[in-house]
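*Asks:* See structure.txt below, with compact mmCIF, C-alpha atoms and all ligand atoms.
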```
# COMPACT_ATOMS: atom_id res chain seq x y z
CA MET A 191 25.70 131.64 150.42
CA GLU A 192 23.96 130.90 153.69
CA THR A 193 24.98 128.26 156.19
CA ALA A 194 23.49 127.02 159.43
CA ASN A 195 25.25 125.00 162.09
CA ALA A 196 24.12 121.70 163.48
CA GLY A 197 21.77 121.89 166.43
CA GLN A 198 20.89 125.57 166.09
CA GLN A 199 17.17 124.83 166.02
CA VAL A 200 16.02 121.98 168.20
CA ASP A 201 12.42 120.91 168.10
CA CYS A 202 10.51 119.11 170.82
CA CYS A 203 11.34 115.64 169.52
CA SER A 204 15.04 116.31 169.21
CA PHE A 205 15.96 113.89 171.97
CA PHE A 206 14.85 111.05 169.82
CA ARG A 207 15.95 112.41 166.54
CA VAL A 208 19.60 112.31 165.71
CA ALA A 209 21.18 113.37 162.43
CA MET A 210 22.45 110.59 160.20
CA LEU A 211 26.17 110.37 160.69
CA THR A 212 28.49 109.98 157.77
CA ALA A 213 29.69 106.41 157.71
CA SER A 214 33.35 107.19 157.19
CA GLU A 215 33.92 110.21 159.43
CA ASN A 216 31.30 109.60 162.10
CA ILE A 217 30.15 113.23 161.98
CA PRO A 218 26.70 114.62 161.08
CA ALA A 219 26.11 114.61 157.35
CA ARG A 220 26.51 117.82 155.29
CA ILE A 221 23.49 118.85 153.27
CA LEU A 222 23.45 121.51 150.56
CA VAL A 223 20.15 123.16 149.68
CA ILE A 224 19.88 124.76 146.22
CA ASP A 225 16.68 126.67 145.58
CA ASP A 226 15.97 130.06 144.04
CA GLU A 227 13.18 130.73 146.59
CA LYS A 228 14.69 132.17 149.75
CA SER A 229 11.71 131.10 151.88
CA VAL A 230 12.21 127.47 150.82
CA ARG A 231 15.94 127.63 151.49
CA ASP A 232 15.38 129.11 154.94
CA LEU A 233 12.64 126.67 155.87
CA VAL A 234 14.55 123.62 154.72
CA SER A 235 17.71 124.85 156.44
CA ILE A 236 15.86 125.29 159.72
CA ILE A 237 14.22 121.88 159.51
CA ILE A 238 17.35 119.92 158.74
CA SER A 239 19.81 121.81 160.91
CA SER A 240 17.43 121.27 163.82
CA ARG A 241 18.07 117.58 163.27
CA GLY A 242 21.80 118.12 163.69
CA TYR A 243 22.93 118.20 160.08
CA HIS A 244 25.44 120.69 158.75
CA VAL A 245 23.58 122.82 156.23
CA ALA A 246 24.67 125.18 153.49
CA SER A 247 22.45 126.78 150.86
CA ALA A 248 22.73 128.40 147.45
CA GLN A 249 20.29 130.29 145.29
CA ASP A 250 21.13 128.73 141.93
CA ALA A 251 22.93 125.84 140.31
CA MET A 252 26.14 127.80 139.57
CA GLU A 253 26.51 128.94 143.17
CA GLY A 254 25.56 125.47 144.40
CA MET A 255 28.21 123.84 142.24
CA GLN A 256 30.90 126.21 143.56
CA LEU A 257 29.82 125.64 147.13
CA ALA A 258 29.87 121.88 146.68
CA GLU A 259 33.56 122.14 145.83
CA THR A 260 34.45 123.29 149.37
CA PHE A 261 31.47 122.11 151.42
CA ARG A 262 31.59 118.54 150.00
CA PRO A 263 28.01 117.64 150.93
CA GLU A 264 26.87 114.06 151.34
CA LEU A 265 23.46 115.15 150.09
CA VAL A 266 22.10 117.93 147.88
CA LEU A 267 18.49 119.04 147.96
CA MET A 268 17.86 120.81 144.70
CA ASP A 269 14.93 122.52 143.05
CA TYR A 270 14.05 121.39 139.55
CA MET A 271 12.70 124.76 138.41
CA MET A 272 15.46 127.33 138.68
CA PRO A 273 16.45 130.30 136.56
CA GLY A 274 19.72 129.90 134.65
CA VAL A 275 20.97 126.33 134.67
CA ASP A 276 17.95 124.05 135.08
CA GLY A 277 17.67 121.36 137.74
CA LEU A 278 18.14 118.39 135.37
CA THR A 279 21.38 119.78 133.91
CA ALA A 280 22.64 120.72 137.37
CA LEU A 281 21.76 117.25 138.69
CA LYS A 282 23.75 115.52 135.94
CA GLU A 283 26.72 117.82 136.48
CA MET A 284 26.64 117.31 140.24
CA ARG A 285 26.50 113.49 139.92
CA CYS A 286 29.26 113.55 137.36
CA ARG A 287 31.61 115.79 139.37
CA TYR A 288 30.86 114.32 142.79
CA PRO A 289 29.67 110.71 142.44
CA GLU A 290 29.58 110.30 146.23
CA THR A 291 27.18 113.21 146.62
CA TYR A 292 23.57 112.01 146.41
CA VAL A 293 20.86 114.36 145.13
CA VAL A 294 17.20 114.68 146.08
CA MET A 295 15.14 116.90 143.76
CA PHE A 296 12.20 119.16 144.54
CA THR A 297 9.53 119.13 141.83
CA GLY A 298 6.15 120.71 141.46
CA LYS A 299 2.95 118.66 141.59
CA GLY A 300 1.85 116.88 138.40
CA SER A 301 5.31 116.51 136.95
CA GLU A 302 5.70 112.72 137.26
CA GLU A 303 7.35 112.49 133.87
CA ILE A 304 9.98 114.95 134.99
CA ALA A 305 10.42 112.97 138.17
CA VAL A 306 11.14 109.82 136.12
CA ALA A 307 13.67 111.73 134.01
CA LEU A 308 15.34 113.00 137.19
CA MET A 309 15.61 109.52 138.68
CA LYS A 310 17.11 108.27 135.42
CA ALA A 311 19.62 111.10 135.51
CA GLY A 312 20.85 109.97 138.91
CA ALA A 313 18.55 111.56 141.50
CA SER A 314 18.15 109.40 144.59
CA ASP A 315 14.61 110.62 145.25
CA TYR A 316 12.22 113.47 144.46
CA ILE A 317 9.97 115.41 146.79
CA LEU A 318 6.84 117.17 145.65
CA LYS A 319 6.40 120.79 146.64
CA PRO A 320 4.89 121.85 148.94
CA PHE A 321 6.33 119.21 151.24
CA ASN A 322 5.57 117.98 154.70
CA ASN A 323 8.43 118.60 157.16
CA GLN A 324 8.32 115.19 158.72
CA ASN A 325 8.22 113.53 155.32
CA LEU A 326 11.17 115.63 154.17
CA LEU A 327 13.29 114.48 157.10
CA GLU A 328 12.32 110.86 156.63
CA ARG A 329 13.19 110.95 152.93
CA ILE A 330 16.54 112.60 153.69
CA GLU A 331 17.36 109.98 156.28
CA THR A 332 16.40 107.16 153.96
CA VAL A 333 18.58 108.51 151.16
CA LEU A 334 21.51 109.02 153.53
CA ARG A 335 21.09 105.48 154.86
CA ILE A 336 21.02 104.07 151.31
CA ARG A 337 24.04 106.19 150.47
CA GLY A 338 25.91 104.83 153.48
CA VAL A 339 25.09 101.25 152.53
CA GLU A 340 25.94 101.76 148.87
CA LEU A 341 29.26 103.44 149.60
CA LYS A 342 30.16 100.78 152.14
CA ASN A 343 29.20 98.19 149.56
CA ARG A 344 31.39 99.86 146.96
CA GLU A 345 34.25 99.97 149.44
CA LEU A 346 33.79 96.28 150.22
CA MET A 347 33.65 95.45 146.51
CA ALA A 348 36.91 97.34 145.96
CA GLU A 349 38.45 95.53 148.91
CA ARG A 350 37.17 92.23 147.53
CA GLU A 351 38.66 93.05 144.13
CA SER A 352 42.02 93.87 145.65
CA LEU A 353 41.92 90.67 147.74
CA LEU A 354 41.06 88.70 144.60
CA GLU A 355 43.94 90.39 142.84
CA GLU A 356 46.23 89.42 145.71
CA ILE A 357 44.98 85.83 145.55
CA ARG A 358 45.49 85.80 141.79
CA ALA A 359 49.08 87.01 142.29
CA TRP A 360 49.68 84.34 144.96
CA ASN A 361 48.27 81.68 142.65
CA LEU A 362 50.50 82.83 139.88
CA GLU A 363 53.53 82.76 142.14
CA LEU A 364 52.53 79.32 143.42
CA GLU A 365 52.09 78.03 139.88
CA GLU A 366 55.49 79.40 138.91
CA ARG A 367 57.08 77.74 141.93
CA ILE A 368 55.38 74.43 141.18
CA GLN A 369 56.48 74.67 137.56
CA LYS A 370 60.05 75.44 138.59
CA GLU A 371 60.15 72.63 141.10
CA SER A 372 58.58 70.17 138.63
CA GLU A 373 61.22 71.16 136.11
CA GLU A 374 63.97 70.58 138.70
CA LEU A 375 62.40 67.23 139.57
CA ARG A 376 62.25 66.30 135.90
CA LYS A 377 65.92 67.17 135.45
CA ALA A 378 66.89 65.21 138.56
CA HIS A 379 64.88 62.26 137.30
CA GLU A 380 66.57 62.48 133.90
CA GLU A 381 69.95 62.43 135.61
CA VAL A 382 69.01 59.40 137.68
CA VAL A 383 67.84 57.60 134.53
CA HIS A 384 71.02 58.57 132.78
CA SER A 385 73.30 57.32 135.51
CA GLN A 386 71.24 54.13 135.75
CA LYS A 387 71.76 53.66 132.03
CA LEU A 388 75.49 54.12 132.53
CA ALA A 389 75.52 51.73 135.48
CA THR A 390 73.72 49.08 133.41
CA LEU A 391 76.11 49.79 130.61
CA GLY A 392 78.99 49.20 133.02
CA TYR A 393 77.85 45.70 133.88
CA LEU A 394 77.06 44.91 130.25
CA ALA A 395 80.35 46.31 129.06
CA ALA A 396 82.45 44.39 131.51
CA GLY A 397 80.78 41.14 130.57
CA MET A 398 80.71 41.81 126.85
CA ALA A 399 84.29 42.99 126.68
CA HIS A 400 85.46 39.89 128.45
CA GLU A 401 83.42 37.58 126.22
CA ILE A 402 84.36 39.30 122.96
CA ARG A 403 87.98 40.23 123.53
CA ASN A 404 89.09 36.63 124.21
CA PRO A 405 87.91 35.19 120.88
CA LEU A 406 89.02 38.41 119.24
CA ASN A 407 92.56 37.83 120.48
CA SER A 408 92.43 34.32 119.07
CA ILE A 409 91.22 35.63 115.69
CA SER A 410 94.03 38.17 115.65
CA LEU A 411 96.58 35.50 116.53
CA PHE A 412 95.37 33.06 113.86
CA VAL A 413 95.25 35.74 111.20
CA GLN A 414 98.82 36.73 112.04
CA LEU A 415 99.86 33.06 111.72
CA LEU A 416 98.10 32.82 108.35
CA HIS A 417 99.76 36.08 107.32
CA GLU A 418 103.22 34.55 107.74
CA GLY A 419 102.53 31.67 105.36
CA VAL A 420 100.83 33.65 102.57
CA ASP A 421 102.70 35.04 99.54
CA ASP A 422 99.80 36.07 97.34
CA PRO A 423 99.67 39.90 97.65
CA GLU A 424 95.90 40.02 97.20
CA LYS A 425 95.34 37.52 100.02
CA LEU A 426 97.89 39.39 102.16
CA GLU A 427 95.91 42.59 101.65
CA TYR A 428 92.71 40.83 102.76
CA LEU A 429 94.38 39.48 105.87
CA GLU A 430 95.68 42.93 106.75
CA LYS A 431 92.20 44.33 106.35
CA VAL A 432 90.88 41.64 108.72
CA LEU A 433 93.59 42.57 111.25
CA LYS A 434 92.71 46.25 110.95
CA GLU A 435 89.03 45.59 111.56
CA VAL A 436 89.88 43.36 114.53
CA ASP A 437 91.93 46.24 115.95
CA ARG A 438 89.00 48.56 115.44
CA ILE A 439 86.67 46.25 117.32
CA ASP A 440 89.24 45.99 120.10
CA ALA A 441 89.56 49.79 120.27
CA THR A 442 85.80 50.16 120.47
CA LEU A 443 85.64 47.66 123.30
CA ARG A 444 88.37 49.46 125.17
CA LYS A 445 86.51 52.75 124.78
CA LEU A 446 83.37 51.08 126.04
CA LEU A 447 85.23 49.86 129.10
CA ASP A 448 86.78 53.27 129.66
CA THR A 449 83.34 54.81 129.67
CA ALA A 450 81.85 52.28 131.97
CA LYS A 451 84.69 51.73 134.39
CA ARG A 452 86.90 54.42 135.77
CA PRO A 453 90.51 53.41 135.23
CA MET A 454 93.18 54.02 137.86
CA TYR A 455 93.37 57.70 138.41
CA GLU A 456 95.84 59.90 140.18
CA LEU A 457 95.02 63.33 141.50
CA SER A 458 97.49 66.17 141.33
CA GLU A 459 97.48 69.94 140.86
CA VAL A 460 96.89 70.17 137.15
CA ASP A 461 97.45 73.26 135.02
CA VAL A 462 94.32 73.09 132.87
CA GLU A 463 95.71 75.52 130.31
CA GLN A 464 98.63 73.17 129.80
CA VAL A 465 96.29 70.19 129.40
CA ILE A 466 94.27 72.03 126.76
CA ARG A 467 97.37 73.16 124.88
CA SER A 468 98.78 69.65 124.64
CA ALA A 469 95.37 68.23 123.64
CA LEU A 470 95.20 70.85 120.87
CA ASP A 471 98.78 70.00 119.83
CA SER A 472 97.83 66.39 119.31
CA PHE A 473 95.23 67.52 116.75
CA LYS A 474 97.67 69.68 114.77
CA PRO A 475 98.06 67.21 111.87
CA GLN A 476 94.28 67.04 111.41
CA THR A 477 93.63 70.75 111.80
CA SER A 478 96.33 71.69 109.31
CA VAL A 479 95.16 69.10 106.72
CA HIS A 480 91.60 70.36 107.05
CA ARG A 481 92.67 74.02 107.23
CA ILE A 482 90.96 74.57 110.54
CA VAL A 483 91.96 77.70 112.45
CA VAL A 484 92.45 77.07 116.15
CA GLU A 485 91.95 79.98 118.54
CA PHE A 486 92.74 79.50 122.20
CA THR A 487 92.26 82.25 124.76
CA SER A 488 92.85 82.05 128.46
CA SER A 489 92.24 84.80 131.01
CA GLY A 490 93.43 85.10 134.55
CA PRO A 491 96.17 83.34 136.51
CA PRO A 492 97.25 79.76 135.65
CA PRO A 493 94.11 77.72 136.32
CA LEU A 494 95.04 74.92 138.70
CA LEU A 495 92.69 72.08 139.45
CA LYS A 496 93.08 69.02 141.63
CA ALA A 497 92.40 66.34 139.04
CA ASP A 498 93.70 63.43 137.06
CA PRO A 499 95.37 64.96 133.96
CA ALA A 500 94.52 61.89 131.85
CA GLU A 501 90.83 62.35 132.63
CA LEU A 502 90.91 66.07 131.84
CA THR A 503 92.65 65.26 128.57
CA GLN A 504 89.85 62.84 127.71
CA ILE A 505 87.27 65.58 128.19
CA PHE A 506 88.98 67.97 125.79
CA THR A 507 90.13 65.47 123.15
CA ASN A 508 86.57 64.17 122.78
CA LEU A 509 85.12 67.67 122.45
CA PHE A 510 87.85 68.74 119.97
CA LEU A 511 87.43 65.54 117.97
CA ASN A 512 83.69 66.06 117.64
CA ALA A 513 84.14 69.71 116.68
CA ILE A 514 86.77 68.93 114.02
CA HIS A 515 84.66 66.10 112.64
CA GLU A 516 81.64 68.40 112.29
CA MET A 517 83.55 71.11 110.43
CA GLY A 518 85.08 69.05 107.65
CA ASP A 519 87.35 71.33 105.59
CA GLY A 520 87.85 74.92 106.81
CA GLY A 521 86.31 76.36 109.92
CA ARG A 522 87.32 77.62 113.31
CA LEU A 523 87.84 75.73 116.52
CA GLY A 524 87.62 78.12 119.45
CA VAL A 525 88.62 77.36 123.02
CA GLU A 526 88.09 79.88 125.80
CA LEU A 527 89.25 79.29 129.32
CA TYR A 528 88.39 81.48 132.26
CA GLN A 529 87.75 81.16 135.98
CA ASP A 530 86.14 82.92 138.91
CA ASP A 531 86.60 82.12 142.60
CA LYS A 532 84.32 79.09 142.33
CA ASP A 533 84.54 77.56 138.87
CA LEU A 534 86.84 76.98 135.99
CA THR A 535 84.97 77.25 132.71
CA VAL A 536 85.93 76.13 129.22
CA LEU A 537 83.96 76.98 126.09
CA VAL A 538 84.63 74.83 123.04
CA SER A 539 83.11 76.26 119.88
CA ASP A 540 83.08 75.14 116.27
CA THR A 541 81.67 76.42 113.00
CA GLY A 542 80.08 73.11 112.06
CA LYS A 543 76.52 72.33 111.04
CA GLY A 544 75.13 72.29 114.57
CA ILE A 545 73.19 69.65 116.46
CA PRO A 546 69.61 69.07 115.27
CA ARG A 547 67.13 70.02 117.99
CA GLU A 548 65.68 66.48 118.13
CA ASN A 549 69.14 65.00 118.87
CA LEU A 550 69.92 67.32 121.77
CA PRO A 551 68.32 65.17 124.50
CA SER A 552 70.31 62.09 123.35
CA ILE A 553 73.84 63.26 122.61
CA PHE A 554 75.14 62.33 126.09
CA ASP A 555 73.53 58.89 125.93
CA PRO A 556 75.90 55.96 125.50
CA PHE A 557 75.86 54.60 121.94
CA PHE A 558 74.10 57.63 120.51
CA THR A 559 75.87 58.57 117.32
CA THR A 560 75.05 60.06 113.94
CA LYS A 561 78.38 58.96 112.46
CA SER A 562 78.76 55.83 110.37
CA ARG A 563 81.93 54.86 112.23
CA GLY A 564 81.21 56.49 115.59
CA THR A 565 80.72 54.57 118.83
CA GLY A 566 78.55 57.20 120.49
CA MET A 567 80.65 56.84 123.65
CA GLY A 568 82.61 60.11 123.46
CA LEU A 569 80.18 62.47 125.15
CA ALA A 570 78.96 59.77 127.57
CA LEU A 571 82.55 59.42 128.75
CA VAL A 572 83.00 63.20 128.97
CA LEU A 573 79.80 63.51 131.00
CA ARG A 574 80.89 60.78 133.42
CA ILE A 575 84.25 62.46 134.05
CA VAL A 576 82.73 65.93 134.44
CA LYS A 577 80.20 64.50 136.92
CA ASN A 578 83.00 62.84 138.91
CA TYR A 579 84.47 66.31 139.39
CA LYS A 580 81.05 67.66 140.42
CA GLY A 581 81.04 69.84 137.33
CA ARG A 582 78.58 70.35 134.54
CA ILE A 583 78.60 70.16 130.79
CA GLU A 584 75.99 71.53 128.44
CA VAL A 585 75.41 72.69 124.91
CA ALA A 586 75.55 76.46 125.42
CA ARG A 587 74.50 77.20 121.85
CA THR A 588 73.94 75.30 118.64
CA GLY A 589 72.66 76.25 115.22
CA GLU A 590 73.58 76.55 111.58
CA SER A 591 76.64 78.63 112.45
CA GLY A 592 78.07 76.03 114.81
CA THR A 593 78.00 74.64 118.32
CA VAL A 594 79.39 75.75 121.67
CA PHE A 595 79.92 73.26 124.50
CA LEU A 596 80.40 74.61 128.01
CA VAL A 597 82.32 72.67 130.62
CA SER A 598 82.41 74.04 134.13
CA LEU A 599 84.48 72.44 136.90
CA PRO A 600 84.42 73.57 140.52
CA ILE A 601 87.87 74.58 141.70
CA ARG A 602 87.58 73.19 145.22
CA ALA A 603 85.18 70.28 144.72
CA GLU A 604 85.67 67.11 146.69
CA GLN A 605 86.59 64.32 144.32
CA GLU A 606 84.17 61.44 144.07
CA ASN A 607 85.85 58.21 144.88
CA ASP A 608 83.12 55.78 144.04
CA ALA A 609 83.08 56.66 140.40
CA PRO A 610 83.47 53.21 138.79
CA PHE A 611 80.17 51.89 137.54
CA VAL A 612 81.34 48.33 137.87
CA GLY A 613 82.87 46.90 140.96
N1 LIG A 701 80.39 69.68 118.01
C1 LIG A 701 79.36 68.95 117.55
N2 LIG A 701 78.62 69.41 116.51
C2 LIG A 701 77.56 68.71 116.05
N3 LIG A 701 77.16 67.52 116.55
C3 LIG A 701 77.85 67.02 117.60
C4 LIG A 701 78.97 67.70 118.15
N4 LIG A 701 79.43 66.97 119.18
C5 LIG A 701 78.65 65.88 119.25
N5 LIG A 701 77.71 65.89 118.29
C6 LIG A 701 76.65 64.89 118.07
O1 LIG A 701 76.59 64.05 119.20
C7 LIG A 701 76.75 62.71 118.83
C8 LIG A 701 77.40 61.93 119.97
O2 LIG A 701 78.74 62.37 120.13
P1 LIG A 701 79.75 61.37 120.80
O3 LIG A 701 81.05 62.05 120.89
O4 LIG A 701 79.15 60.84 122.05
O5 LIG A 701 79.80 60.17 119.82
P2 LIG A 701 80.41 60.15 118.35
O6 LIG A 701 81.27 61.33 118.16
O7 LIG A 701 79.28 59.97 117.42
O8 LIG A 701 81.27 58.83 118.38
P3 LIG A 701 82.79 58.71 118.89
O9 LIG A 701 82.94 59.75 119.95
O10 LIG A 701 82.91 57.38 119.37
O11 LIG A 701 83.59 59.02 117.69
C9 LIG A 701 77.55 62.77 117.56
O12 LIG A 701 77.36 61.61 116.77
C10 LIG A 701 76.95 64.00 116.90
O13 LIG A 701 75.73 63.70 116.26
MG MG A 702 82.73 61.80 119.62
```
Show me the file's structure as structure tokens.

*Replies:*
Amino acid sequence: METANAGQQVDCCSFFRVAMLTASENIPARILVIDDEKSVRDLVSIIISSRGYHVASAQDAMEGMQLAETFRPELVLMDYMMPGVDGLTALKEMRCRYPETYVVMFTGKGSEEIAVALMKAGASDYILKPFNNQNLLERIETVLRIRGVELKNRELMAERESLLEEIRAWNLELEERIQKESEELRKAHEEVVHSQKLATLGYLAAGMAHEIRNPLNSISLFVQLLHEGVDDPEKLEYLEKVLKEVDRIDATLRKLLDTAKRPMYELSEVDVEQVIRSALDSFKPQTSVHRIVVEFTSSGPPPLLKADPAELTQIFTNLFLNAIHEMGDGGRLGVELYQDDKDLTVLVSDTGKGIPRENLPSIFDPFFTTKSRGTGMGLALVLRIVKNYKGRIEVARTGESGTVFLVSLPIRAEQENDAPFVG
């Protein structure tokens, strides 16, 4: 291996000639000369080191390849005709191992075909032997300049790609945020629509109840009068049926009013576990007739909540009633109560048939029912009460194996006082 340092040989034009600097390190470029002819190696080394380049030389491809490993040349000047590994093979290997090292090949005269093959294999240029010194330097400088531009270009392309990637990630994040916010907006809108529906219902209910309950009272009164003067058992049975149906209409109207208008309520420290237990007790006759197993679990200290016990009872009785109705004979009604420092949560689960997916958006709507004798007011009422306590209710799970409703009530929420939908 022979090396020559920059500036060892300075010719008369050296003031005006400066070695091409490497773009990244701002130092004179390193050039490796590989040629089996010592005279060529020496001559080339003198010419290019006089221009300020760092030069190293090797006598064959194997030595050149080893030297490249440590010397890391920006440019290799290599002879095509060499003993051992030929120039074409060495060129390919060099380009493959060190893609940032550019190669200029020396070829003999009359070997244009070879020159084409060399260019195809990745040579940046080829110089015919014997060469002119000035021409050699110019070609070297041109190749180094092209190399600088190409590498810079590659760097910029990589930078561009990473910027594009960053922009793509931002876009994705932005899209996700927009989607999330649209979803929140949609939910808020749904809630507004729902409470508007309830408010409208309130006005309608108040008017309707007033208009219907008066004549209903009269009907009930007249039927009772008729009842007293009738002996025929068949007619008596009919009159009783009429009275029963009148009562049913009256009950429905009362429920409608309950849903629409908040009755008088009184807040106190309520033991929610106690409320649940007495609500479950009131269903004992039904659960034992229908052989429904009731499982109640409560964890933590006695869960106290500032609330109206009658309203809390309404929440649970409606949920239990729905669950029991869905299960028919047999099944399991599960109630789980637990709390953390913020919320008190109750899970009400059943082993019924589940809520069909298409009904899910409507179950809290007033009048939505799938039962022949249902009013569809149960869950609307539950939702109104839960909202008054700044809580939330949702279907946590539903499917063929049953349904789970989740009710969550904040422990220290400020009570809403303007709850009535009608004045
Ligand atoms: N646990 C449940 N399992 C399956 N479906 C349910 C359950 N709870 C409610 N639903 C569905 O939601 C509908 C609305 O319930 P909601 O309590 O509001 O009215 P309802 O039970 O039909 O009538 P009412 O409460 O007046 O008896 C029910 O008709 C039913 O289709
Ligand atoms: Mg119901």

*Asks:* Grab the atom CA of A:Leu308 to atom CA of A:Met284 distance for me, in Å with one decimal place.

*Replies:*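 Computing it gives 12.5 Å between the two atoms.
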
*Asks:* Output the neighbourhood of ligand LIG 701 (chain A) as a list in words, that is, all protein and nucleic acid residues with some atom at most 6 Å from the ligand, counting only C-alpha atoms and all ligand atoms.

*Replies:* Asn512, Ala513, Glu516, Gly542, Gly544, Ile545, Ile553, Phe554, Phe558, Thr559, Thr560, Lys561, Gly564, Thr565, Gly566, Met567, Gly568, Leu569, Ala570 and Thr593 of chain A

*Asks:* Which is closer to ligand MG 702 (chain A) than all the others in A:Ala305, A:Ile317, A:Leu511, A:Val572, using all atoms listed in the file?

*Replies:* A:Leu511

*Asks:* Which of these, A:Leu596, A:Met398, A:Leu222, A:Leu494, has the shortest distance to A:Arg444 once you count all atoms listed in the file?

*Replies:*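 Nearest candidate to A:Arg444 out of A:Leu596, A:Met398, A:Leu222, A:Leu494: A:Met398.
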
*Asks:* Would you compute the distance between atom CA of A:Arg602 and atom CA of A:Arg582? Give it in Å to one decimal.

*Replies:*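 Distance between the two atoms: 14.3 Å.
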
*Asks:* Name the closest residue to ligand MG 702 (chain A) among the candidates A:Glu590, A:Asp437, A:Glu374, A:Asp555; distances are taken between atoms, counting all atoms listed in the file.

*Replies:*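 Using all atoms listed in the file, the shortest distance to ligand MG 702 (chain A) belongs to A:Asp555.
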
*Asks:* So which residues touch stretch 257-269 of chain A within 9 Å, counting all atoms listed in the file, skipping near sequence neighbours fewer than 2 positions away, as a count of residues only?

*Replies:* 41

*Asks:* With all atoms listed in the file as the atoms that count, which of A:Leu571, A:Leu375, A:Leu415, A:Val594 lies nearest to ligand MG 702 (chain A)?

*Replies:*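 Under the stated criterion, the closest residue is A:Leu571.
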
*Asks:* May I have the residues within 10 Å of A:Leu457 as a PyMOL selection string, using only C-alpha atoms and disregarding those fewer than 6 positions away in the same chain?

*Replies:* chain A and resi 495-501+605

*Asks:* Restricting the calculation to all atoms listed in the file, which member of A:Pro600, A:Pro551, A:Pro556, A:Pro423 is positioned closest to ligand MG 702 (chain A)?

*Replies:*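 Of A:Pro600, A:Pro551, A:Pro556, A:Pro423, the one nearest ligand MG 702 (chain A), counting all atoms listed in the file, is A:Pro556.
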
*Asks:* Restricting the calculation to only C-alpha atoms: of A:Thr279, A:Thr332, A:Ser410, A:Asn323, which residue gets closest to A:Ser235?

*Replies:*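 Counting only C-alpha atoms, the residue closest to A:Ser235 is A:Asn323.
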
*Asks:* Please list as a PyMOL selection string every residue within 12 Å of A:Gln414, counting all atoms listed in the file and excluding residues in the same chain fewer than 5 positions away.

*Replies:* chain A and resi 407-409+419-420+426+428-434+436

*Asks:* Using only C-alpha atoms, please write the residues we just selected to a file, as a short mmCIF file (atom, residue, chain, number, x, y, z; two decimals), in the coordinates of the input.

*Replies:*
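The resulting file, again.cif, is shown below:
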```
data_model
loop_
_atom_site.label_atom_id
_atom_site.label_comp_id
_atom_site.auth_asym_id
_atom_site.auth_seq_id
_atom_site.Cartn_x
_atom_site.Cartn_y
_atom_site.Cartn_z
CA ASN A 407 92.56 37.83 120.48
CA SER A 408 92.43 34.32 119.07
CA ILE A 409 91.22 35.63 115.69
CA GLY A 419 102.53 31.67 105.36
CA VAL A 420 100.83 33.65 102.57
CA LEU A 426 97.89 39.39 102.16
CA TYR A 428 92.71 40.83 102.76
CA LEU A 429 94.38 39.48 105.87
CA GLU A 430 95.68 42.93 106.75
CA LYS A 431 92.20 44.33 106.35
CA VAL A 432 90.88 41.64 108.72
CA LEU A 433 93.59 42.57 111.25
CA LYS A 434 92.71 46.25 110.95
CA VAL A 436 89.88 43.36 114.53
#
```

*Asks:* Can you list, as a VMD selection string, every protein, DNA or RNA residue that comes within 9 Å of A:Leu326 when you count all atoms listed in the file, leaving out same-chain residues fewer than 4 positions away?

*Replies:* chain A and resid 234 237 to 238 317 321 to 322 330 to 331

*Asks:* Please identify all polymer residues lying at most 12 Å from the point (87.9, 68.7, 128.0) (file coordinates), using only C-alpha atoms, and present the result as an MDAnalysis selection string.

*Replies:* chainID A and resid 462:470 498:513 525:527 534:538 568:569 571:576 581:583 595:599

*Asks:* Could you tell me how far atom CA of A:Gln324 lies from atom CA of A:Lys228, in Å and to one decimal?

*Replies:*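 Calculated distance between atom CA of A:Gln324 and atom CA of A:Lys228 is 20.2 Å.
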
*Asks:* In the coordinates of the file, take the point (91.5, 46.7, 122.0) and a cut-off of 12 Å; then, counting all atoms listed in the file, name each qualifying protein, DNA or RNA residue as a list in words.

*Replies:*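 Applying the cut-off with all atoms listed in the file, one gets Ala399, His400, Ile402, Arg403, Asn404, Leu406, Asn407, Ser410, Leu433, Lys434, Glu435, Val436, Asp437, Arg438, Ile439, Asp440, Ala441, Thr442, Leu443, Arg444, Lys445, Leu446, Leu447 and Asp448 of chain A.
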
*Asks:* Report as lines of an AutoDock Vina configuration file the centre and the edge lengths, in Å to one decimal, of the axis-aligned box holding every listed atom of stretch 498-508 of chain A, padded by 8 Å on each side.

*Replies:*
```
center_x = 91.0
center_y = 64.9
center_z = 129.9
size_x = 24.8
size_y = 22.1
size_z = 30.3
```
